[in-house]
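Engineer: Below is the structure I would like to discuss, written out as structure tokens.
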Number of protein chains: 2
Amino acid sequence: MAVSSRERVRAAAVKLFATKGFHGTGIRDLAQEAELSSASLYHYMGTKEDLLAEIMHTALNRLLDAAREATAGGGDPVHRLRTLVALHVLAHAVGPAETRVVDNEVDVLSPAAREPVVALRDAYERLWAAAIDEGVAAGVFRVEHPAVTRLALLEMCSGVARWYSPRGPLALDELAEHYAELASRALGCTSAPGVTDLRRCREIVAKEWGVSV
Amino acid sequence: MAVSSRERVRAAAVKLFATKGFHGTGIRDLAQEAELSSASLYHYMGTKEDLLAEIMHTALNRLLDAAREATAGGGDPVHRLRTLVALHVLAHAVGPAETRVVDNEVDVLSPAAREPVVALRDAYERLWAAAIDEGVAAGVFRVEHPAVTRLALLEMCSGVARWYSPRGPLALDELAEHYAELASRALGCTSAPGVTDLRRCREIVAKEWGVSV
DNA sequence: CAGAGGCTATCGATCGATCGATCGAACGTC
DNA sequence: GACGTTCGATCGATCGATCGATAGCCTCTG
């Protein structure tokens, strides 16, 4: 078979959870989308909540791995921050369904299932916090409330998944570069207008997400 | 009675829809929160969907009215944009539950019920677009993709409802001013570092939302 | 090689629970 | 006694989940 049933179940869940929400998606909806009976569904998953948690884990691990790889070696905080922004935007543009599930449905998880998901998200945000804090310490960023600004920038970038369409006027590269510039400006970046290593970001996204960007 | 049952139903719906989502909130949950039987609920509302639509209408109309009042008379695009940002942030900080319902649950409405809600949101966003476009035309904003930037800033500001806590280190005034500054920078504002008329924004929020800010 | 046994994948039928919504009746107030 | 408000009881529909059964395939055995 071209795609395994397991993959179809996962893809169906991502699509439906993103468009109709977790509670708005029934077991029978999932079964229909995955072209299986509702009974067969349970051959590939635990409970519906397990399925959601698994989606979040793989999505967040992928984003975290990509961000770590892209910023490995430390270096210039400005460049690192621009890389994180571009990567985040690319990820949200190529996989809006998955990222919307991660961003919107965390609260439906039981506390026990939510805890490791939040831990992954926190680890990811620490990469942003480190780049921002180091930039502020080095004087290349001039911003009054670094922690609040980090949250503001993250929300700004995640919002891409809510409206971006590949049929719009902006190509992915322009989008990522523009957001890197917005973030750079918001942080009061004092160095020369930077360039982002988009090629590297695209490569990482292509590898981790398995799409050609 | 101190608060009418009608108000309790509305407040219960806002609270529960925001925390558990529309589909995650049952009629019996609403009834318990509003301290009524599930049957009595229907004395004050139509269907559950009607209740959601009504919440969205009042919330969006309030925001739209406030934004129109705050920017009435036109004038400097920079000042208008800063006012819109501050107002938006204040609104999302004092009423996070309501704004989260508006921002997250639009898609659960049937097309017929969704259409007027989207129209209200579009009217609101046009105020932002006008301020940004006029600023770009006047040369006080220097930004490459004004439409995309508008969406980015709106998402950034709406995100406040997802994390802001009045028990945090930032007072409302500092928060609103900081976001106005972030937006101003992102737009490449060329005029002197602006000040926002926070007093006026606070007055409008206090009046429209019925809270002391 | 025949076939017994086990494993994977799938299904129709069905479970008890809960869903949104409605009914007729009772309450208090004017 | 009319009206605005409240409720217990209950409706048919749908929920997430499980059941026993079946068909195909691989492996081990005699």
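How things are named: the first chain in the structure tokens is A, the next is B, and so on; residues count from 1 in each chain; ligands count from 1 in the order shown.
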Taking only C-alpha atoms (C1' of nucleotides) into account and nothing else, which residues of chain B lie no more than 10 Å away from chain D? Please answer as an mmCIF file with C-alpha atoms, in the first residue's frame.
Structural biologist:
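The new file part03.cif reads:
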data_model
loop_
_atom_site.group_PDB
_atom_site.id
_atom_site.type_symbol
_atom_site.label_atom_id
_atom_site.label_comp_id
_atom_site.auth_asym_id
_atom_site.auth_seq_id
_atom_site.Cartn_x
_atom_site.Cartn_y
_atom_site.Cartn_z
ATOM 1 C CA SER B 5 -29.709 34.964 35.665
ATOM 2 C CA LEU B 36 -29.482 26.962 37.032
ATOM 3 C CA SER B 37 -30.981 23.750 35.741
ATOM 4 C CA SER B 38 -30.197 22.861 32.151
ATOM 5 C CA ALA B 39 -33.851 23.423 31.300
ATOM 6 C CA SER B 40 -33.845 26.931 32.760
ATOM 7 C CA LEU B 41 -30.893 27.777 30.601
ATOM 8 C CA HIS B 43 -35.285 30.423 29.030
#
Engineer: At most 7 Å is the cut-off: for each residue in chain B with any atom that close to an atom of chain A, write down the nearest atom pair and the distance in Å rounded to one decimal, counting only C-alpha atoms, chain first then increasing number, as a tab-separated table.
Structural biologist:
residue	atom	partner	partner_atom	distance
B:Lys20	CA	A:Val108	CA	6.9
B:His23	CA	A:His23	CA	5.3
B:Gly24	CA	A:His23	CA	5.6
B:Val108	CA	A:Lys20	CA	6.9
B:Ala152	CA	A:Met156	CA	5.2
B:Leu153	CA	A:Met156	CA	6.5
B:Glu155	CA	A:Met156	CA	5.1
B:Met156	CA	A:Met156	CA	4.1
B:Gly159	CA	A:Glu155	CA	5.5
B:Leu182	CA	A:Ala186	CA	4.9
B:Arg185	CA	A:Ala186	CA	5.3
B:Ala186	CA	A:Leu182	CA	4.9
Engineer: Give as a compact mmCIF listing (two decimals) with N, CA and C atoms, in the first residue's frame every residue of chain B that touches chain C within 10 Å, counting only C-alpha atoms (C1' of nucleotides).
Structural biologist:
# COMPACT_ATOMS: atom_id res chain seq x y z
N GLY B 26 -20.46 21.33 27.94
CA GLY B 26 -21.80 20.76 27.82
C GLY B 26 -22.85 21.69 28.38
N ILE B 27 -24.10 21.45 27.94
CA ILE B 27 -25.21 22.24 28.47
C ILE B 27 -25.27 22.15 29.98
N ARG B 28 -24.97 20.97 30.49
CA ARG B 28 -25.03 20.78 31.94
C ARG B 28 -23.88 21.50 32.66
N SER B 38 -30.46 22.78 33.59
CA SER B 38 -30.20 22.86 32.15
C SER B 38 -31.45 23.31 31.41
N ALA B 39 -32.61 22.99 31.95
CA ALA B 39 -33.85 23.42 31.30
C ALA B 39 -34.02 24.94 31.40
N TYR B 42 -32.49 27.43 28.86
CA TYR B 42 -33.12 27.71 27.57
C TYR B 42 -34.18 28.80 27.67
N THR B 47 -30.24 28.33 20.97
CA THR B 47 -29.40 27.14 21.01
C THR B 47 -28.04 27.51 21.60
N LYS B 48 -27.24 26.50 21.81
CA LYS B 48 -25.89 26.74 22.32
C LYS B 48 -25.11 27.60 21.33
Engineer: How far is it from atom CA of Leu64 of chain A to atom CA of Ser165 of chain A, in Å with one decimal?
Structural biologist: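 Separation between atom CA of Leu64 of chain A and atom CA of Ser165 of chain A: 23.9 Å.
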Engineer: For Ile132 of chain B, work out the shell of residues within 8 Å, counting only C-alpha atoms (C1' of nucleotides) and skipping chain neighbours fewer than 3 positions away, then give it as a ChimeraX atom specification.
Structural biologist: /B:77,81,128-129,135-136,141,146,150
Engineer: One decimal, in Å: what's the spacing between atom CA of Met56 of chain A and atom CA of Ala12 of chain A?
Structural biologist: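 Answer for the atom CA of Met56 of chain A to atom CA of Ala12 of chain A separation: 14.3 Å.
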Engineer: If you count only C-alpha atoms (C1' of nucleotides), which residues fall within 9 Å of Val213 of chain A, apart from same-chain ones fewer than 3 positions away, as a list in words?
Structural biologist: Leu90, Val94, Leu172, Asp173, Arg202, Glu203, Val205 and Ala206 of chain A
Engineer: Ranking B:Glu134, B:Glu33, B:Asp197, B:Glu208 by minimum distance to Gly74 of chain B and counting only C-alpha atoms, which one comes first?
Structural biologist: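 Looking only at the distances to Gly74 of chain B, the closest residue turns out to be B:Glu134.
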Engineer: Calculate how many Å separate atom CA of Val211 of chain B from atom CA of His92 of chain B, rounding to one decimal.
Structural biologist: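 Computing the Euclidean distance for atom CA of Val211 of chain B and atom CA of His92 of chain B yields 13.0 Å.
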Engineer: Looking only at the backbone, which of the residues in segment 7-194 of chain B does DSSP tag as alpha helix (DSSP H), as a PyMOL selection string?
Structural biologist: chain B and resi 7-20+27-34+38-44+48-70+77-94+96-104+111-138+146-158+160-163+172-186
